[in-house]
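J.: Quick one: structure below, then a few questions.
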Amino acid sequence: MSADQPTVLVVEDELAQREVLAYNLEAEGFRVSKAANGDEAMLLVDEDSPDIIVLDWMMPNLSGIEVCRRLKSRPDTRSIPIIMLSARTEEVDKVRGLETGADDYVVKPYSVVELMARVRTQLRRVRPATVGIRLEFDDIILDSETHKVSRGSKPLKLGPTEFRLLSTFMEKPGRVWSREQLLDRVWGRDIYVDTRTVDVHIGRLRKALTQHGGDDPVRTVRGAGYALG
C-alpha cells in the first residue's frame, strides 16, 4: 500500500457489514483498518491515527457515541472526521450524534455508493491532495491530479518522496510535523526508515523549491520538526 493513501478506520461489530465496508473502501483505493468494538477502536486510533473513521453507533460495552465523544474531546484526535452509522432514524438521534461531534450521520440501511461519496467529502477537508484537489501556498501550486508543482508559474522538478512531503505540508500550512509523523504519513508505518532520512529529503525539497530563486518556505522548528510557512 502506498503511504499517501488515506487510512479509513471501520468500527462495526457486525462482521459481515465490517467486511463489506472494508472491501468497498479498499476498492476505492483507501487503506483500511478494522475494529469490532469501541475499545479496539480506541487502541487502533492511538496506534495508527486514521484520516477518517466510519463508526457504528450501536455496539456492546463502549458505544459508538461514546467513542465519538472521547475522540472529539482529545486535542490530538479532535480533527479526525467521524461518519456515524446508525439504524436510528429519529431526528433527535441524528442531532445527538452530530452534537457529540460526529461530522456526518448515515442511516442504515445505507447506499455504499453514497457512503463512499461522504467519505471523500470529509477527506477533501482534511487531506485534499488525496482526492485530486489543487493546493496553493503563497506562489507555490501543487496539482495532485497531474502530479505537477510550480512556483511563480515556473515548473519545479520534485522526486516522488519530495512531492508527498510537500503535499503533506501544503494540506496544513503552519502545522509543525515531527520526523516520526512525517515518516508515518510519507513512507508508511510498514516500512522501517531512519528518522535522519527525513532530514535528507527535507533538504532535497528545499533545494527543489528554491531552484528558480525565492525564499525557502520550509521552517525548521528546533526540537519539534518541520513546518511550511
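Convention: chains lettered A, B, ... in C-alpha cells order; per-chain residue numbering from 1; ligands numbered from 1 as shown.
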Write out as a short mmCIF file (atom, residue, chain, number, x, y, z; two decimals) with C-alpha atoms, in the first residue's frame each polymer residue whose atoms come within 9 Å of Thr100 of chain A, counting only C-alpha atoms; drop sequence neighbours fewer than 3 positions from it.
T.:
```cif
data_model
loop_
_atom_site.label_atom_id
_atom_site.label_comp_id
_atom_site.auth_asym_id
_atom_site.auth_seq_id
_atom_site.Cartn_x
_atom_site.Cartn_y
_atom_site.Cartn_z
CA ILE A 65 -21.48 7.63 20.50
CA GLU A 66 -19.11 7.30 23.49
CA CYS A 68 -17.04 9.73 19.26
CA ARG A 69 -17.38 11.80 22.45
CA LYS A 72 -13.65 14.69 19.94
CA VAL A 95 -28.98 15.68 16.35
CA ARG A 96 -27.47 13.86 19.34
CA GLY A 97 -24.87 12.19 17.11
#
```
J.: If you count only C-alpha atoms, which residues fall within 12 Å of Ala224 of chain A, apart from same-chain ones fewer than 3 positions away, as JSON, numbers by chain?
T.: {"A": [175, 176, 177, 178, 179, 180, 181, 182, 219, 220, 221, 227]}
J.: For Lys108 of chain A, which residue out of A:Val193, A:Ile133, A:Val149, A:Leu85 is the nearest one, using only C-alpha atoms?
T.: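 Result for the nearest residue to Lys108 of chain A: A:Leu85.
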J.: Work out how far atom CA of Pro109 of chain A is from atom CA of Lys94 of chain A, in Å to one decimal.
T.: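 The value is 14.8 Å.
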J.: Got a sec: who's within 8 Å of segment 39-53 of chain A, counting only C-alpha atoms, leaving out chain neighbours fewer than 4 positions off, as a list in words?
T.: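 That gives Pro6, Thr7, Val8, Leu9, Val10, Val11, Lys34, Ala35, Leu62, Val67, Thr77, Ile80, Pro81, Ile82, Ile83, Val119, Gln122, Leu123, Val126 and Arg127 of chain A.
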J.: Would you work out the distance separating atom CA of Met58 of chain A from atom CA of Arg124 of chain A, expressed in Å to one decimal?
T.: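 A separation of 27.4 Å between them.
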J.: Report the closest atom pair, with its distance in Å rounded to one decimal, for each residue of segment 20-60 of chain A that has an atom no farther than 10 Å from segment 110-117 of chain A; count only C-alpha atoms, sort by chain and then rising residue number, and write it as a Markdown table.
T.:
```
| residue | atom | partner | partner_atom | distance |
| --- | --- | --- | --- | --- |
| A:Val20 | CA | A:Val112 | CA | 9.0 |
| A:Leu21 | CA | A:Val112 | CA | 7.7 |
| A:Asn24 | CA | A:Val112 | CA | 7.7 |
| A:Leu25 | CA | A:Met116 | CA | 7.2 |
| A:Glu28 | CA | A:Met116 | CA | 8.0 |
| A:Val54 | CA | A:Leu115 | CA | 9.3 |
```
J.: Residues of segment 48-170 of chain A classed as strand (DSSP E) by DSSP on the backbone are to be reported as a list in words.
T.: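 Put together, the selection reads Ile52, Ile53, Val54, Leu55, Asp56, Ile82, Ile83, Met84, Leu85, Ser86, Asp104, Tyr105, Val106, Val107, Arg134, Leu135, Glu136, Phe137, Ile140, Ile141, Leu142, Asp143, Lys148, Val149, Ser150, Arg151, Lys154, Pro155 and Leu156 of chain A.
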J.: Where in segment 108-178 of chain A does DSSP assign helix (DSSP H, G or I), given as a PyMOL selection string?
T.: chain A and resi 112-126+128-131+160-171
J.: How many Å separate atom CA of Asp184 of chain A from atom CA of Ser73 of chain A?
T.: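 These atoms are spaced 23.6 Å apart.
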